Amino acid sequence: MLKFIDELMSYYSDQAVFNPWNDYSTQLDIGPDAPMLRINHLQRFLEPRISNARYIFVAEALGFQGGHFSGIPMTSEIMITGNHLEVDYQHVFHGKVGRRTSNPNSQFPRFKMIWKKRGASEPTATIVWKTILENNVDPFEIILWNIFPFHPYDPAVGLLSNRTPEPNELKLGVYYLKRLLNLCPQNIKVIAIGNHSTNTLNQHEIENIPIRHPANGGAPAFKEGCKRIFTVNDVNNFLK
């Protein structure tokens with residue numbers, strides 16, 4: 001697993017992409033050790049899951065409100081620091097509480113006031129984690145991931161923005177996904193979140209169960225889809 005994380009750390013793009021496990025923003029990060037903190041978070045997230053994960057949920061790419069600062073896909077910084085009201089950090093990883101990597105004193109125009117007090121928070125991450133917990137599924141049997149595991153942003157707006165990954169970025173991301181899947185149990189079920197994820201996985205012949213993305217009004221369909229997936233008798237219906 002450490003070699004896999006090393007590969008993620010070494011990724012560099014001359015496009016508008018932020019690698020949270022290597023890149024550092026002097027304005028938005030709390031200090032130069034921010035990438036190492038995010039590496040530690042990702043390692044602590046993956047270690048207890050790699051050998052016994054039953055599901056891997058695969059969305060499109062890291063978001064600026066989620067994995068950009070936490071270092072963990074579809075997971076907010078306020079979750080790992082114990083500041084989330086509904087998701088305990090011990091659902092994410094065992095041991096001590098995670099560390100904040102966003103700079104509470106940033107003067108960036110889009111840096112919201114709530115971030116200054118509690119850290120970055122992502123609506124999609126909240127929906128995903130709450131859905132997992134509401135279905136009484138062991139969160140340590142679920143890996144959250146993205147086809148493009150890094151944060152693509154809009155260069156006209158800056159780091160506090162998201163953009164759709166380019167086809168070549170999605171293709172590269174499939175390489176990392178396959179590397180991760182090779183570390184997981186062979187019978188792990190791949191859940192594709194959203195059309196971009198589903199289409200990319202299908203193009204690369206990775207068997208998956210498609211599910212609605214929770215953003216843009218998709219939360220009810222996402223929750224219902226998860227409920228069916230977590231019901232063992234319904235899983236095969238998705239695969240037909």
# chains A, B, ... in the order shown; residues from 1 in each chain; ligands from 1
>>> residues_around(residues="Ser10 of chain A", least_positions_apart="3", cutoff="8 Å", atoms="only C-alpha atoms", output="VMD selection string")
chain A and resid 6 to 7 22
>>> write_last_selection(atoms="N, CA and C atoms", output="CSV table (one decimal), in the first residue's frame")
chain,number,residue,atom,x,y,z
A,6,ASP,N,3.0,6.3,-2.5
A,6,ASP,CA,4.2,6.9,-3.1
A,6,ASP,C,3.9,7.4,-4.5
A,7,GLU,N,3.2,6.5,-5.3
A,7,GLU,CA,2.8,6.9,-6.6
A,7,GLU,C,1.9,8.1,-6.7
A,22,ASN,N,1.1,16.2,-2.3
A,22,ASN,CA,2.4,16.7,-2.7
A,22,ASN,C,2.4,18.2,-2.8
>>> residues_around(residues="segment 13-20 of chain A", least_positions_apart="3", cutoff="7 Å", atoms="only C-alpha atoms", output="ChimeraX atom specification")
/A:23,35,38,68-69,71,150-155
>>> closest_residue(among="A:Gly173, A:Pro210, A:Gly217, A:Pro139", to="Asn52 of chain A", atoms="only C-alpha atoms")
A:Pro139
>>> atom_distance(atom1="atom CA of Ser197 of chain A", atom2="atom CA of Ile78 of chain A")
25.8 Å
>>> select_by_dssp(residues="segment 143-226 of chain A", states="alpha helix (DSSP H)", output="PyMOL selection string")
chain A and resi 167-181+195-203+219-226
>>> select_by_dssp(residues="segment 73-185 of chain A", states="strand (DSSP E or B)", output="MDAnalysis selection string")
chainID A and resid 102 142:148 151:152
>>> write_last_selection(atoms="all heavy atoms", output="compact mmCIF listing (two decimals), in the first residue's frame")
# COMPACT_ATOMS: atom_id res chain seq x y z
N SER A 102 -6.23 23.23 6.25
CA SER A 102 -6.61 24.52 5.68
C SER A 102 -6.21 25.64 6.63
O SER A 102 -6.24 25.48 7.85
CB SER A 102 -8.11 24.57 5.41
OG SER A 102 -8.85 24.50 6.62
N ILE A 142 -15.81 -0.16 3.70
CA ILE A 142 -16.08 0.67 2.53
C ILE A 142 -14.89 1.60 2.25
O ILE A 142 -14.39 2.27 3.16
CB ILE A 142 -17.34 1.52 2.73
CG1 ILE A 142 -18.57 0.62 2.85
CG2 ILE A 142 -17.52 2.51 1.57
CD1 ILE A 142 -19.85 1.37 3.13
N ILE A 143 -14.43 1.59 1.00
CA ILE A 143 -13.40 2.52 0.55
C ILE A 143 -14.07 3.57 -0.33
O ILE A 143 -14.87 3.25 -1.20
CB ILE A 143 -12.30 1.80 -0.25
CG1 ILE A 143 -11.51 0.86 0.67
CG2 ILE A 143 -11.35 2.82 -0.90
CD1 ILE A 143 -10.46 0.03 -0.05
N LEU A 144 -13.76 4.82 -0.09
CA LEU A 144 -14.23 5.91 -0.93
C LEU A 144 -13.08 6.34 -1.83
O LEU A 144 -11.94 6.51 -1.37
CB LEU A 144 -14.70 7.08 -0.05
CG LEU A 144 -15.80 6.76 0.96
CD1 LEU A 144 -16.12 8.00 1.79
CD2 LEU A 144 -17.05 6.24 0.28
N TRP A 145 -13.39 6.51 -3.12
CA TRP A 145 -12.32 6.83 -4.06
C TRP A 145 -12.87 7.68 -5.21
O TRP A 145 -14.07 7.92 -5.29
CB TRP A 145 -11.69 5.55 -4.60
CG TRP A 145 -10.33 5.75 -5.21
CD1 TRP A 145 -9.98 5.66 -6.53
CD2 TRP A 145 -9.15 6.13 -4.51
NE1 TRP A 145 -8.66 5.95 -6.69
CE2 TRP A 145 -8.12 6.24 -5.47
CE3 TRP A 145 -8.87 6.39 -3.16
CZ2 TRP A 145 -6.82 6.60 -5.11
CZ3 TRP A 145 -7.58 6.75 -2.80
CH2 TRP A 145 -6.57 6.85 -3.78
N ASN A 146 -11.98 8.14 -6.06
CA ASN A 146 -12.35 8.88 -7.27
C ASN A 146 -11.56 8.34 -8.45
O ASN A 146 -10.39 7.94 -8.29
CB ASN A 146 -12.03 10.38 -7.12
CG ASN A 146 -12.83 11.04 -6.03
OD1 ASN A 146 -14.03 11.27 -6.17
ND2 ASN A 146 -12.17 11.35 -4.93
N ILE A 147 -12.20 8.32 -9.62
CA ILE A 147 -11.47 7.86 -10.80
C ILE A 147 -10.22 8.72 -11.00
O ILE A 147 -9.11 8.20 -11.14
CB ILE A 147 -12.35 7.91 -12.06
CG1 ILE A 147 -13.45 6.85 -11.97
CG2 ILE A 147 -11.52 7.69 -13.31
CD1 ILE A 147 -14.33 6.79 -13.18
N PHE A 148 -10.38 10.03 -11.03
CA PHE A 148 -9.22 10.91 -11.04
C PHE A 148 -8.98 11.30 -9.59
O PHE A 148 -9.74 12.07 -9.02
CB PHE A 148 -9.48 12.15 -11.90
CG PHE A 148 -8.25 13.00 -12.10
CD1 PHE A 148 -7.13 12.49 -12.73
CD2 PHE A 148 -8.23 14.31 -11.67
CE1 PHE A 148 -5.99 13.25 -12.91
CE2 PHE A 148 -7.11 15.10 -11.85
CZ PHE A 148 -5.98 14.58 -12.48
N HIS A 151 -7.26 16.78 -7.45
CA HIS A 151 -8.26 17.86 -7.49
C HIS A 151 -8.06 18.72 -8.73
O HIS A 151 -7.17 19.59 -8.77
CB HIS A 151 -8.14 18.72 -6.23
CG HIS A 151 -8.99 19.96 -6.29
ND1 HIS A 151 -8.59 21.17 -5.75
CD2 HIS A 151 -10.21 20.19 -6.85
CE1 HIS A 151 -9.51 22.09 -5.98
NE2 HIS A 151 -10.50 21.52 -6.64
N PRO A 152 -8.92 18.56 -9.74
CA PRO A 152 -8.88 19.44 -10.91
C PRO A 152 -9.69 20.71 -10.62
O PRO A 152 -10.82 20.64 -10.16
CB PRO A 152 -9.54 18.60 -12.01
CG PRO A 152 -10.49 17.71 -11.28
CD PRO A 152 -9.91 17.47 -9.90
>>> decode(residues="segment 103-138 of chain A", atoms="N, CA, C and O atoms", output="CSV table (one decimal), in the first residue's frame")
chain,number,residue,atom,x,y,z
A,103,ASN,N,-5.9,26.8,6.1
A,103,ASN,CA,-5.4,27.9,6.8
A,103,ASN,C,-6.6,28.8,7.3
A,103,ASN,O,-7.2,29.4,6.5
A,104,PRO,N,-6.9,28.8,8.6
A,104,PRO,CA,-8.1,29.5,9.1
A,104,PRO,C,-7.9,31.0,8.9
A,104,PRO,O,-8.9,31.8,9.0
A,105,ASN,N,-6.7,31.5,8.7
A,105,ASN,CA,-6.4,32.9,8.5
A,105,ASN,C,-6.3,33.4,7.1
A,105,ASN,O,-5.9,34.5,6.8
A,106,SER,N,-6.6,32.5,6.2
A,106,SER,CA,-6.5,32.8,4.7
A,106,SER,C,-7.5,34.0,4.4
A,106,SER,O,-8.6,34.0,4.9
A,107,GLN,N,-7.0,34.9,3.6
A,107,GLN,CA,-7.8,36.0,3.2
A,107,GLN,C,-8.4,35.8,1.8
A,107,GLN,O,-8.9,36.7,1.1
A,108,PHE,N,-8.3,34.5,1.3
A,108,PHE,CA,-8.9,34.2,0.0
A,108,PHE,C,-10.4,34.6,0.0
A,108,PHE,O,-11.1,34.2,0.9
A,109,PRO,N,-10.8,35.3,-1.1
A,109,PRO,CA,-12.2,35.8,-1.1
A,109,PRO,C,-13.3,34.8,-1.0
A,109,PRO,O,-14.3,35.0,-0.4
A,110,ARG,N,-13.0,33.5,-1.5
A,110,ARG,CA,-14.1,32.5,-1.4
A,110,ARG,C,-14.0,31.6,-0.2
A,110,ARG,O,-14.7,30.7,0.0
A,111,PHE,N,-13.1,32.0,0.7
A,111,PHE,CA,-12.9,31.2,1.9
A,111,PHE,C,-14.0,31.5,2.9
A,111,PHE,O,-14.1,32.6,3.5
A,112,LYS,N,-14.9,30.6,3.1
A,112,LYS,CA,-16.1,30.9,3.9
A,112,LYS,C,-15.8,31.0,5.4
A,112,LYS,O,-14.9,30.4,5.9
A,113,MET,N,-16.7,31.8,6.1
A,113,MET,CA,-16.5,32.0,7.5
A,113,MET,C,-16.5,30.8,8.3
A,113,MET,O,-15.7,30.6,9.2
A,114,ILE,N,-17.4,29.8,7.9
A,114,ILE,CA,-17.4,28.6,8.7
A,114,ILE,C,-16.1,27.8,8.7
A,114,ILE,O,-15.7,27.1,9.6
A,115,TRP,N,-15.4,28.0,7.5
A,115,TRP,CA,-14.1,27.3,7.4
A,115,TRP,C,-13.1,27.9,8.4
A,115,TRP,O,-12.2,27.2,8.9
A,116,LYS,N,-13.2,29.2,8.7
A,116,LYS,CA,-12.2,29.8,9.6
A,116,LYS,C,-12.4,29.2,11.0
A,116,LYS,O,-11.4,29.1,11.7
A,117,LYS,N,-13.6,28.8,11.3
A,117,LYS,CA,-13.8,28.2,12.7
A,117,LYS,C,-13.6,26.7,12.8
A,117,LYS,O,-13.0,26.2,13.7
A,118,ARG,N,-14.1,26.0,11.7
A,118,ARG,CA,-14.2,24.5,11.9
A,118,ARG,C,-13.4,23.8,10.8
A,118,ARG,O,-13.2,22.6,10.9
A,119,GLY,N,-13.1,24.4,9.7
A,119,GLY,CA,-12.4,23.8,8.6
A,119,GLY,C,-13.3,23.5,7.4
A,119,GLY,O,-14.5,23.8,7.5
A,120,ALA,N,-12.8,23.0,6.4
A,120,ALA,CA,-13.6,22.8,5.1
A,120,ALA,C,-14.6,21.7,5.3
A,120,ALA,O,-14.4,20.7,5.9
A,121,SER,N,-15.8,22.0,4.7
A,121,SER,CA,-16.9,21.1,4.7
A,121,SER,C,-17.5,20.9,3.3
A,121,SER,O,-17.7,21.9,2.6
A,122,GLU,N,-17.8,19.6,3.0
A,122,GLU,CA,-18.3,19.4,1.6
A,122,GLU,C,-19.7,18.7,1.8
A,122,GLU,O,-19.8,17.6,2.4
A,123,PRO,N,-20.8,19.2,1.1
A,123,PRO,CA,-22.1,18.6,1.2
A,123,PRO,C,-22.1,17.2,0.7
A,123,PRO,O,-22.8,16.3,1.3
A,124,THR,N,-21.5,16.9,-0.4
A,124,THR,CA,-21.5,15.5,-0.9
A,124,THR,C,-20.9,14.6,0.1
A,124,THR,O,-21.4,13.5,0.3
A,125,ALA,N,-19.8,14.9,0.7
A,125,ALA,CA,-19.2,14.1,1.7
A,125,ALA,C,-20.1,13.8,2.9
A,125,ALA,O,-20.2,12.6,3.3
A,126,THR,N,-20.9,14.8,3.3
A,126,THR,CA,-21.8,14.6,4.4
A,126,THR,C,-22.9,13.6,4.0
A,126,THR,O,-23.3,12.7,4.8
A,127,ILE,N,-23.4,13.7,2.8
A,127,ILE,CA,-24.5,12.8,2.3
A,127,ILE,C,-24.0,11.4,2.2
A,127,ILE,O,-24.6,10.5,2.7
A,128,VAL,N,-22.8,11.2,1.7
A,128,VAL,CA,-22.2,9.9,1.5
A,128,VAL,C,-22.0,9.2,2.9
A,128,VAL,O,-22.4,8.1,3.1
A,129,TRP,N,-21.4,9.9,3.8
A,129,TRP,CA,-21.1,9.3,5.1
A,129,TRP,C,-22.3,9.1,5.9
A,129,TRP,O,-22.5,8.0,6.6
A,130,LYS,N,-23.3,10.0,5.9
A,130,LYS,CA,-24.5,9.8,6.6
A,130,LYS,C,-25.3,8.6,6.1
A,130,LYS,O,-25.9,7.8,6.8
A,131,THR,N,-25.3,8.4,4.8
A,131,THR,CA,-26.0,7.3,4.1
A,131,THR,C,-25.3,6.0,4.6
A,131,THR,O,-26.0,5.0,4.9
A,132,ILE,N,-24.0,5.9,4.6
A,132,ILE,CA,-23.3,4.7,5.1
A,132,ILE,C,-23.7,4.4,6.5
A,132,ILE,O,-24.1,3.3,6.8
A,133,LEU,N,-23.7,5.4,7.3
A,133,LEU,CA,-24.0,5.1,8.8
A,133,LEU,C,-25.4,4.8,9.0
A,133,LEU,O,-25.8,4.0,9.9
A,134,GLU,N,-26.3,5.4,8.2
A,134,GLU,CA,-27.8,5.2,8.4
A,134,GLU,C,-28.1,3.7,8.0
A,134,GLU,O,-29.1,3.2,8.5
A,135,ASN,N,-27.3,3.1,7.2
A,135,ASN,CA,-27.6,1.7,6.7
A,135,ASN,C,-26.9,0.7,7.6
A,135,ASN,O,-26.9,-0.5,7.3
A,136,ASN,N,-26.3,1.2,8.7
A,136,ASN,CA,-25.6,0.3,9.7
A,136,ASN,C,-24.6,-0.6,9.0
A,136,ASN,O,-24.4,-1.8,9.4
A,137,VAL,N,-23.9,-0.1,8.0
A,137,VAL,CA,-22.8,-0.8,7.4
A,137,VAL,C,-21.5,-0.4,8.1
A,137,VAL,O,-21.3,0.8,8.5
A,138,ASP,N,-20.6,-1.3,8.3
A,138,ASP,CA,-19.4,-1.1,8.9
A,138,ASP,C,-18.6,-0.1,8.0
A,138,ASP,O,-18.2,-0.5,6.9
